[in-house]
>>> print(open('work21.pdb').read())   # PDB, C-alpha atoms
ATOM      1  CA  MET I1164      78.005 115.490 113.167
ATOM      2  CA  ARG I1165      78.163 111.702 113.369
ATOM      3  CA  ALA I1166      81.127 110.011 111.729
ATOM      4  CA  ILE I1167      82.614 106.525 111.714
ATOM      5  CA  GLY I1168      86.208 106.830 112.896
ATOM      6  CA  TYR I1169      89.157 104.557 113.554
ATOM      7  CA  ASP I1170      92.645 105.066 114.969
ATOM      8  CA  ARG I1171      94.332 101.780 114.084
ATOM      9  CA  TYR I1172      94.240  99.225 111.310
ATOM     10  CA  GLY I1173      92.282  96.069 111.966
ATOM     11  CA  PRO I1174      88.919  94.319 111.591
ATOM     12  CA  PRO I1175      85.612  96.212 111.444
ATOM     13  CA  ASP I1176      85.295  96.265 115.226
ATOM     14  CA  VAL I1177      88.024  98.950 115.410
ATOM     15  CA  LEU I1178      85.459 101.367 113.957
ATOM     16  CA  ARG I1179      83.279 103.492 116.211
ATOM     17  CA  VAL I1180      80.595 106.146 115.943
ATOM     18  CA  GLU I1181      81.898 109.566 116.961
ATOM     19  CA  ASP I1182      80.464 113.042 117.385
ATOM     20  CA  VAL I1183      82.877 115.429 115.692
ATOM     21  CA  PRO I1184      82.690 119.057 114.516
ATOM     22  CA  ILE I1185      81.382 119.691 111.024
ATOM     23  CA  PRO I1186      84.462 120.648 108.978
ATOM     24  CA  ALA I1187      84.735 123.935 107.115
ATOM     25  CA  PRO I1188      85.760 123.850 103.437
ATOM     26  CA  ALA I1189      89.165 125.267 102.577
ATOM     27  CA  ALA I1190      89.994 126.956  99.275
ATOM     28  CA  GLY I1191      88.890 124.773  96.378
ATOM     29  CA  GLN I1192      86.890 122.447  98.622
ATOM     30  CA  VAL I1193      83.203 121.634  98.866
ATOM     31  CA  LEU I1194      81.358 120.551 102.015
ATOM     32  CA  VAL I1195      78.873 117.831 101.083
ATOM     33  CA  ARG I1196      75.958 116.712 103.237
ATOM     34  CA  VAL I1197      76.279 113.012 102.565
ATOM     35  CA  ALA I1198      73.202 111.124 101.407
ATOM     36  CA  ALA I1199      74.917 107.891 100.358
ATOM     37  CA  THR I1200      78.403 106.380 100.181
ATOM     38  CA  SER I1201      79.083 103.100  98.408
ATOM     39  CA  ILE I1202      81.714 100.674  99.676
ATOM     40  CA  ASN I1203      84.696  99.734  97.526
ATOM     41  CA  LEU I1204      87.435  97.177  98.023
ATOM     42  CA  SER I1205      89.746 100.122  98.714
ATOM     43  CA  ASP I1206      87.730 100.856 101.882
ATOM     44  CA  TRP I1207      88.246  97.310 103.123
ATOM     45  CA  GLU I1208      91.958  97.463 102.325
ATOM     46  CA  CYS I1209      92.430 100.803 104.108
ATOM     47  CA  LEU I1210      90.535  99.485 107.125
ATOM     48  CA  ARG I1211      92.759  96.419 107.377
ATOM     49  CA  GLY I1212      95.943  98.193 106.338
ATOM     50  CA  THR I1213      96.685  95.485 103.809
ATOM     51  CA  PRO I1214      97.981  95.163 101.106
ATOM     52  CA  ALA I1215     100.883  97.388 102.107
ATOM     53  CA  TYR I1216      99.979 100.131  99.629
ATOM     54  CA  ALA I1217      96.800 100.709 101.685
ATOM     55  CA  ARG I1218      99.086 102.329 104.299
ATOM     56  CA  ILE I1219     100.444 105.006 101.978
ATOM     57  CA  GLY I1220     100.506 108.216 103.984
ATOM     58  CA  GLY I1221      99.878 106.358 107.245
ATOM     59  CA  LEU I1222     102.337 103.553 107.888
ATOM     60  CA  ARG I1223     101.446 102.940 111.538
ATOM     61  CA  THR I1224      98.056 104.652 111.861
ATOM     62  CA  PRO I1225      95.419 105.548 109.249
ATOM     63  CA  ALA I1226      96.083 108.691 107.257
ATOM     64  CA  ARG I1227      92.336 109.434 107.187
ATOM     65  CA  ARG I1228      90.281 108.631 110.281
ATOM     66  CA  THR I1229      87.027 108.255 108.354
ATOM     67  CA  LEU I1230      86.773 105.990 105.330
ATOM     68  CA  GLY I1231      84.414 106.179 102.359
ATOM     69  CA  SER I1232      85.327 107.720  99.027
ATOM     70  CA  ASP I1233      82.375 107.244  96.655
ATOM     71  CA  ILE I1234      79.983 109.892  97.926
ATOM     72  CA  ALA I1235      76.717 111.413  96.774
ATOM     73  CA  GLY I1236      74.896 114.239  98.495
ATOM     74  CA  VAL I1237      74.016 117.918  98.611
ATOM     75  CA  VAL I1238      76.444 120.827  98.705
ATOM     76  CA  GLU I1239      76.254 122.497 102.116
ATOM     77  CA  ALA I1240      79.012 125.109 101.671
ATOM     78  CA  VAL I1241      81.907 125.924  99.356
ATOM     79  CA  GLY I1242      85.400 127.264  99.954
ATOM     80  CA  SER I1243      86.993 130.223  98.214
ATOM     81  CA  GLY I1244      87.708 129.748  94.536
ATOM     82  CA  VAL I1245      84.947 127.186  93.975
ATOM     83  CA  THR I1246      82.993 128.166  90.882
ATOM     84  CA  ARG I1247      81.217 125.012  89.660
ATOM     85  CA  PHE I1248      78.978 124.380  92.672
ATOM     86  CA  ARG I1249      76.896 126.281  95.182
ATOM     87  CA  PRO I1250      74.877 125.277  98.266
ATOM     88  CA  GLY I1251      71.906 123.101  97.370
ATOM     89  CA  ASP I1252      73.505 121.437  94.337
ATOM     90  CA  GLU I1253      73.291 117.652  94.189
ATOM     91  CA  VAL I1254      76.711 116.111  93.522
ATOM     92  CA  TYR I1255      78.601 112.826  93.451
ATOM     93  CA  GLY I1256      82.218 111.760  93.021
ATOM     94  CA  ASP I1257      85.205 109.635  93.986
ATOM     95  CA  ASN I1258      86.789 111.345  96.990
ATOM     96  CA  LEU I1259      89.635 108.843  97.349
ATOM     97  CA  GLY I1260      92.163 111.481  98.399
ATOM     98  CA  LEU I1261      90.269 112.845 101.417
ATOM     99  CA  LYS I1262      87.740 110.039 101.991
ATOM    100  CA  GLY I1263      85.332 110.866 104.864
ATOM    101  CA  GLY I1264      82.166 109.497 103.269
ATOM    102  CA  PHE I1265      81.079 107.397 106.265
ATOM    103  CA  ALA I1266      79.807 110.514 108.014
ATOM    104  CA  GLU I1267      76.997 113.020 107.812
ATOM    105  CA  TYR I1268      79.248 115.591 106.103
ATOM    106  CA  ALA I1269      82.402 115.231 104.017
ATOM    107  CA  LEU I1270      84.926 117.613 102.467
ATOM    108  CA  ALA I1271      85.891 117.024  98.839
ATOM    109  CA  PRO I1272      87.953 118.913  96.256
ATOM    110  CA  GLU I1273      85.758 120.600  93.687
ATOM    111  CA  SER I1274      87.638 118.734  90.937
ATOM    112  CA  VAL I1275      86.479 115.235  91.990
ATOM    113  CA  LEU I1276      82.772 116.072  91.980
ATOM    114  CA  ALA I1277      80.159 116.225  89.244
ATOM    115  CA  PRO I1278      76.487 117.239  89.230
ATOM    116  CA  LYS I1279      74.360 114.235  90.167
ATOM    117  CA  PRO I1280      72.116 113.188  87.268
ATOM    118  CA  ALA I1281      68.480 113.840  88.126
ATOM    119  CA  GLY I1282      67.548 110.376  86.900
ATOM    120  CA  LEU I1283      69.684 108.616  89.517
ATOM    121  CA  SER I1284      69.014 108.387  93.242
ATOM    122  CA  PHE I1285      71.802 109.321  95.616
ATOM    123  CA  ALA I1286      72.396 105.653  96.379
ATOM    124  CA  GLU I1287      72.611 104.779  92.695
ATOM    125  CA  ALA I1288      74.938 107.668  91.932
ATOM    126  CA  SER I1289      77.289 106.667  94.761
ATOM    127  CA  THR I1290      77.907 103.256  93.180
ATOM    128  CA  ILE I1291      79.492 104.661  90.021
ATOM    129  CA  PRO I1292      82.522 106.949  90.567
ATOM    130  CA  GLN I1293      85.183 104.356  91.441
ATOM    131  CA  ALA I1294      83.737 101.044  90.228
ATOM    132  CA  GLY I1295      82.545 102.451  86.894
ATOM    133  CA  PRO I1296      85.899 103.681  85.549
ATOM    134  CA  ILE I1297      87.620 100.457  86.638
ATOM    135  CA  ALA I1298      85.102  98.463  84.635
ATOM    136  CA  LEU I1299      85.059 100.771  81.624
ATOM    137  CA  GLN I1300      88.833 100.972  81.310
ATOM    138  CA  GLY I1301      89.284  97.332  82.266
ATOM    139  CA  VAL I1302      87.230  95.947  79.384
ATOM    140  CA  ALA I1303      88.288  98.563  76.829
ATOM    141  CA  GLY I1304      89.146  96.836  73.584
ATOM    142  CA  ALA I1305      86.777  93.913  74.058
ATOM    143  CA  GLY I1306      84.844  93.432  70.853
ATOM    144  CA  PRO I1307      82.465  91.086  69.042
ATOM    145  CA  GLY I1308      83.545  87.489  69.490
ATOM    146  CA  SER I1309      86.429  88.247  71.856
ATOM    147  CA  ARG I1310      86.753  86.000  74.887
ATOM    148  CA  VAL I1311      86.798  87.993  78.130
ATOM    149  CA  LEU I1312      87.317  86.675  81.654
ATOM    150  CA  ILE I1313      86.567  88.796  84.724
ATOM    151  CA  ASN I1314      87.933  87.540  88.032
ATOM    152  CA  GLY I1315      85.926  88.894  90.965
ATOM    153  CA  ALA I1316      82.986  89.486  88.651
ATOM    154  CA  GLY I1317      80.283  89.340  91.311
ATOM    155  CA  GLY I1318      81.274  92.582  93.049
ATOM    156  CA  GLY I1319      80.741  96.232  92.203
ATOM    157  CA  SER I1320      83.288  96.730  89.424
ATOM    158  CA  GLY I1321      82.626  93.242  88.122
ATOM    159  CA  THR I1322      78.906  93.933  87.816
ATOM    160  CA  PHE I1323      79.604  96.903  85.564
ATOM    161  CA  ALA I1324      82.389  95.098  83.658
ATOM    162  CA  ILE I1325      80.197  92.118  82.770
ATOM    163  CA  GLN I1326      77.511  94.340  81.294
ATOM    164  CA  LEU I1327      79.957  96.541  79.410
ATOM    165  CA  ALA I1328      81.819  93.595  77.891
ATOM    166  CA  LYS I1329      78.556  91.944  76.853
ATOM    167  CA  SER I1330      77.328  95.182  75.280
ATOM    168  CA  GLN I1331      80.528  95.175  73.192
ATOM    169  CA  GLY I1332      79.724  91.711  71.857
ATOM    170  CA  ALA I1333      82.224  89.722  73.930
ATOM    171  CA  HIS I1334      81.883  86.168  75.197
ATOM    172  CA  VAL I1335      82.216  86.672  78.953
ATOM    173  CA  THR I1336      83.321  84.278  81.684
ATOM    174  CA  GLY I1337      82.734  85.385  85.271
ATOM    175  CA  VAL I1338      84.794  84.082  88.181
ATOM    176  CA  ASP I1339      83.754  84.362  91.827
ATOM    177  CA  ASN I1340      82.602  82.196  94.740
ATOM    178  CA  ALA I1341      79.805  79.661  94.382
ATOM    179  CA  ALA I1342      77.217  81.908  96.063
ATOM    180  CA  LYS I1343      77.573  84.430  93.232
ATOM    181  CA  LEU I1344      77.296  82.155  90.203
ATOM    182  CA  ASP I1345      73.548  82.675  89.686
ATOM    183  CA  TYR I1346      73.977  86.402  90.235
ATOM    184  CA  MET I1347      76.604  86.569  87.480
ATOM    185  CA  ARG I1348      74.326  84.578  85.168
ATOM    186  CA  SER I1349      71.584  87.156  85.805
ATOM    187  CA  LEU I1350      73.956  89.800  84.425
ATOM    188  CA  GLY I1351      74.409  87.879  81.188
ATOM    189  CA  VAL I1352      77.709  86.018  81.524
ATOM    190  CA  ASP I1353      78.165  83.118  79.136
ATOM    191  CA  GLU I1354      80.149  80.953  81.550
ATOM    192  CA  VAL I1355      80.824  80.947  85.289
ATOM    193  CA  ILE I1356      83.688  79.547  87.361
ATOM    194  CA  ASP I1357      83.759  78.996  91.122
ATOM    195  CA  TYR I1358      87.313  79.973  92.035
ATOM    196  CA  ARG I1359      87.231  77.783  95.142
ATOM    197  CA  ALA I1360      86.635  74.680  93.048
ATOM    198  CA  ASP I1361      88.440  75.472  89.800
ATOM    199  CA  ASP I1362      91.526  77.347  88.591
ATOM    200  CA  PHE I1363      90.447  79.797  85.891
ATOM    201  CA  THR I1364      93.976  80.017  84.513
ATOM    202  CA  ARG I1365      93.578  76.442  83.271
ATOM    203  CA  HIS I1366      90.705  77.494  81.036
ATOM    204  CA  GLY I1367      90.637  79.686  77.964
ATOM    205  CA  PRO I1368      92.483  80.908  76.102
ATOM    206  CA  TYR I1369      91.133  84.399  76.665
ATOM    207  CA  ASP I1370      91.708  87.546  74.666
ATOM    208  CA  LEU I1371      91.270  89.740  77.751
ATOM    209  CA  ILE I1372      91.474  89.036  81.473
ATOM    210  CA  LEU I1373      90.394  91.692  83.952
ATOM    211  CA  ASP I1374      91.572  90.535  87.363
ATOM    212  CA  LEU I1375      89.990  92.418  90.256
ATOM    213  CA  VAL I1376      91.520  90.139  92.927
ATOM    214  CA  ALA I1377      94.929  89.111  91.580
ATOM    215  CA  HIS I1378      96.829  86.431  93.471
ATOM    216  CA  ARG I1379      98.192  83.901  90.955
ATOM    217  CA  SER I1380     101.530  83.688  89.175
ATOM    218  CA  VAL I1381     102.493  85.552  86.026
ATOM    219  CA  PHE I1382     103.070  82.234  84.269
ATOM    220  CA  ALA I1383      99.549  81.084  85.131
ATOM    221  CA  TYR I1384      98.135  84.261  83.629
ATOM    222  CA  ARG I1385     100.253  83.805  80.497
ATOM    223  CA  ARG I1386      98.910  80.258  80.151
ATOM    224  CA  ALA I1387      95.328  81.529  80.170
ATOM    225  CA  LEU I1388      95.892  84.183  77.484
ATOM    226  CA  ALA I1389      95.534  83.704  73.759
ATOM    227  CA  PRO I1390      98.371  84.985  71.560
ATOM    228  CA  GLY I1391      98.058  88.761  71.496
ATOM    229  CA  GLY I1392      95.839  88.617  74.583
ATOM    230  CA  ARG I1393      95.883  91.148  77.419
ATOM    231  CA  TYR I1394      95.891  90.669  81.196
ATOM    232  CA  ARG I1395      95.215  93.609  83.516
ATOM    233  CA  CYS I1396      94.977  93.430  87.308
ATOM    234  CA  VAL I1397      93.504  95.993  89.680
ATOM    235  CA  GLY I1398      95.070  95.598  93.093
ATOM    236  CA  GLY I1399      96.065  92.471  94.974
ATOM    237  CA  PRO I1400      98.892  91.501  97.338
ATOM    238  CA  VAL I1401     101.982  93.659  96.834
ATOM    239  CA  PRO I1402     104.237  90.729  95.792
ATOM    240  CA  THR I1403     101.717  89.718  93.113
ATOM    241  CA  VAL I1404     101.365  93.266  91.801
ATOM    242  CA  LEU I1405     105.130  93.745  91.708
ATOM    243  CA  ARG I1406     105.614  90.502  89.788
ATOM    244  CA  VAL I1407     102.960  91.579  87.288
ATOM    245  CA  LEU I1408     104.680  94.943  86.874
ATOM    246  CA  THR I1409     108.156  93.485  86.383
ATOM    247  CA  LEU I1410     108.171  89.823  85.372
ATOM    248  CA  GLY I1411     104.801  90.224  83.660
ATOM    249  CA  TRP I1412     106.206  92.715  81.197
ATOM    250  CA  VAL I1413     109.079  90.383  80.281
ATOM    251  CA  VAL I1414     106.945  87.234  80.032
ATOM    252  CA  GLY I1415     104.373  89.103  78.013
ATOM    253  CA  ARG I1416     106.887  90.454  75.517
ATOM    254  CA  LEU I1417     108.526  87.055  75.054
ATOM    255  CA  SER I1418     105.220  85.264  74.532
ATOM    256  CA  GLY I1419     103.399  87.803  72.379
ATOM    257  CA  ARG I1420     100.989  88.775  75.149
ATOM    258  CA  ARG I1421     100.510  91.842  77.333
ATOM    259  CA  ILE I1422     100.553  91.369  81.112
ATOM    260  CA  GLY I1423     100.334  94.378  83.377
ATOM    261  CA  VAL I1424      98.526  96.459  85.986
ATOM    262  CA  LEU I1425      95.555  98.579  84.986
ATOM    263  CA  GLY I1426      96.377 102.222  85.713
ATOM    264  CA  VAL I1427      92.861 103.501  86.335
ATOM    265  CA  ARG I1428      92.250 107.145  85.461
ATOM    266  CA  PRO I1429      89.702 108.644  87.892
ATOM    267  CA  GLY I1430      87.533 111.740  87.820
ATOM    268  CA  PRO I1431      84.228 113.050  86.465
ATOM    269  CA  ASP I1432      85.340 112.665  82.841
ATOM    270  CA  ARG I1433      85.843 108.951  83.529
ATOM    271  CA  PHE I1434      82.728 108.128  85.559
ATOM    272  CA  GLY I1435      80.356 110.425  83.661
ATOM    273  CA  PRO I1436      80.112 108.078  80.630
ATOM    274  CA  ILE I1437      79.106 105.180  82.903
ATOM    275  CA  ALA I1438      76.384 107.285  84.498
ATOM    276  CA  ASP I1439      75.120 108.189  81.019
ATOM    277  CA  ARG I1440      74.852 104.519  80.090
ATOM    278  CA  CYS I1441      73.018 103.764  83.322
ATOM    279  CA  LEU I1442      70.557 106.558  82.589
ATOM    280  CA  ALA I1443      70.058 105.213  79.075
ATOM    281  CA  GLY I1444      69.216 101.773  80.466
ATOM    282  CA  GLU I1445      72.242 100.161  78.835
ATOM    283  CA  VAL I1446      73.884  99.297  82.172
ATOM    284  CA  GLU I1447      71.977  98.290  85.283
ATOM    285  CA  ILE I1448      73.002  99.407  88.762
ATOM    286  CA  ARG I1449      72.753  96.558  91.247
ATOM    287  CA  ILE I1450      72.607  97.497  94.939
ATOM    288  CA  ASP I1451      72.690  94.487  97.221
ATOM    289  CA  ARG I1452      72.021  96.176 100.551
ATOM    290  CA  THR I1453      71.845  99.622 102.137
ATOM    291  CA  PHE I1454      73.146 100.024 105.689
ATOM    292  CA  ALA I1455      72.613 102.822 108.195
ATOM    293  CA  LEU I1456      75.656 104.895 109.161
ATOM    294  CA  GLU I1457      75.908 103.131 112.535
ATOM    295  CA  GLU I1458      76.005  99.822 110.671
ATOM    296  CA  THR I1459      79.145 100.722 108.712
ATOM    297  CA  PRO I1460      81.230  98.040 110.492
ATOM    298  CA  GLU I1461      78.701  95.388 109.492
ATOM    299  CA  ALA I1462      78.610  96.752 105.941
ATOM    300  CA  LEU I1463      82.393  96.566 105.596
ATOM    301  CA  ALA I1464      82.463  93.062 107.071
ATOM    302  CA  TYR I1465      79.811  92.005 104.550
ATOM    303  CA  VAL I1466      81.875  93.306 101.636
ATOM    304  CA  GLY I1467      85.171  92.059 103.051
ATOM    305  CA  ALA I1468      83.786  88.548 103.384
ATOM    306  CA  GLY I1469      83.000  88.491  99.666
ATOM    307  CA  ARG I1470      79.253  88.260 100.196
ATOM    308  CA  ALA I1471      78.128  91.378  98.330
ATOM    309  CA  LEU I1472      76.254  90.884  95.060
ATOM    310  CA  GLY I1473      77.079  94.119  93.275
ATOM    311  CA  LYS I1474      77.338  97.260  95.384
ATOM    312  CA  VAL I1475      76.717  97.954  99.071
ATOM    313  CA  VAL I1476      75.709 101.441 100.204
ATOM    314  CA  VAL I1477      75.883 103.260 103.548
ATOM    315  CA  SER I1478      73.352 106.046 104.132
ATOM    316  CA  PRO I1479      73.162 108.395 107.132
ATOM    317  CA  ALA I1480      69.396 108.527 106.571
ATOM    318  CA  ALA I1481      68.803 104.753 106.395
ATOM    319  CA  GLY I1482      66.541 103.559 109.172
ATOM    320  CA  ARG I1483      65.599 107.058 110.341
ATOM    321  CA  ASP I1484      62.091 108.235 111.016
ATOM    322  CA  PRO I1485      60.909 109.958 107.776
ATOM    323  CA  ALA I1486      59.871 112.936 109.911
ATOM    324  CA  ALA I1487      63.565 113.520 110.686
ATOM    325  CA  GLY I1488      64.183 114.669 107.147
ATOM    326  CA  ALA I1489      64.671 113.058 103.752
ATOM    327  CA  THR I1490      67.807 112.824 101.655
ATOM    328  CA  GLY I1491      66.366 111.333  98.490
ATOM    329  CA  VAL I1492      68.382 108.123  98.905
TER     330      VAL I1492
END
>>> encode(input="work21.pdb", output="structure tokens")
Amino acid sequence: MRAIGYDRYGPPDVLRVEDVPIPAPAAGQVLVRVAATSINLSDWECLRGTPAYARIGGLRTPARRTLGSDIAGVVEAVGSGVTRFRPGDEVYGDNLGLKGGFAEYALAPESVLAPKPAGLSFAEASTIPQAGPIALQGVAGAGPGSRVLINGAGGGSGTFAIQLAKSQGAHVTGVDNAAKLDYMRSLGVDEVIDYRADDFTRHGPYDLILDLVAHRSVFAYRRALAPGGRYRCVGGPVPTVLRVLTLGWVVGRLSGRRIGVLGVRPGPDRFGPIADRCLAGEVEIRIDRTFALEETPEALAYVGAGRALGKVVVSPAAGRDPAAGATGV
């Protein structure tokens, strides 16, 4: 099979197309013929090896040679003990532990997969498993009239978070680069901020801040929060995350605010509700671009540069002659 591999951390040009054996599923594993894999910030971080937590399990060299965790495809084979799926089933899930989605086949534990809803294409389904739970859990508690700010709102998780917060009646401010301001407006935000021209922590106060690209000080976040307000970050440089975990707790307690890291709970029970809302038309899936498997380096560079409006998808079938076989992407 074709797979996109890498042996060292670095820019997208360390990636290469390889011909490797199709893996066999072990006990409790499912072999998925990949139809689509969406790109997450975690893929970019694991490619670059930064922040430092991206090197967990592989300090000097990557722990997994093929990236890509949010997969959707068709079950090709199952290992012993697998009871929920059989060959031919359409599935999707967040395979963060094993990764391997930027390939024609990927192994995944049975527990991380769910049946793909018939109403979603493979590409659409692949956008949900990681970004959806981050958004859903990140804006939990937002209600009518509450003031919500989402930093990094123009990306995949931000796209879902904007819509979820608006559906809960919140007044939403989206923060991203200038090229994404109109995109965020199209999702329904009430206000937009270009982070390159303005410091969002000098606005507000906000009842809830979901920070998808944390890099400011704990005291700046406290300044932007209303009394009783909550700040939650998802990733960022290790020093920033550590300060949020330690100093943030103290500053929050002393000021009557809550400042901390969002501990995202993954799995089918977490991304299933987002898929249901997409099927019901309550949340729109926005796919910016779909790249062929060989174009994975370009796709990661596009996301890493902050250019993606919503989600970016890699498909082994993209660009192929239809006579070569369809995947329903």
>>> atom_distance(input="work21.pdb", atom1="atom CA of I:Gln1331", atom2="atom CA of I:Leu1312")
13.8 Å
>>> residues_around(input="work21.pdb", residues="stretch 1259-1268 of chain I", least_positions_apart="2", cutoff="9 Å", atoms="all atoms listed in the file", output="PyMOL selection string")
chain I and resi 1164-1168+1185-1186+1194-1201+1205+1227-1236+1239+1257+1270-1272+1275+1293+1456+1459+1477-1480
>>> closest_residue(input="work21.pdb", among="I:Gly1256, I:Pro1400, I:Gly1319, I:Pro1292", to="I:Glu1273", atoms="all atoms listed in the file")
I:Gly1256
>>> closest_residue(input="work21.pdb", among="I:Leu1405, I:Val1476, I:Val1414, I:Ala1298", to="I:Leu1463", atoms="all atoms listed in the file")
I:Val1476
>>> atom_distance(input="work21.pdb", atom1="atom CA of I:Gly1191", atom2="atom CA of I:Val1245")
5.2 Å
>>> resolve_selection(input="work21.pdb", expression="the PyMOL selection byres ((chain I and resi 1387) around 10)", output="PyMOL selection string")
chain I and resi 1312+1363-1372+1382-1386+1388-1390+1392+1394
>>> resolve_selection(input="work21.pdb", expression="the PyMOL selection byres ((chain I and resi 1397) around 6)", output="PyMOL selection string")
chain I and resi 1375+1396+1398+1425
>>> residues_around(input="work21.pdb", residues="I:Pro1436", least_positions_apart="3", cutoff="12 Å", atoms="all atoms listed in the file", output="ChimeraX atom specification")
/I:1277,1280,1291-1292,1295-1296,1298-1300,1327,1430-1433,1439-1443,1445-1446
>>> atom_distance(input="work21.pdb", atom1="atom CA of I:Asp1170", atom2="atom CA of I:Ala1462")
18.6 Å
>>> axis_aligned_box(input="work21.pdb", around="stretch 1218-1232 of chain I", padding_each_side="3 Å", output="AutoDock Vina command-line options")
--center_x 93.4 --center_y 105.9 --center_z 105.4 --size_x 23.9 --size_y 13.1 --size_z 18.8
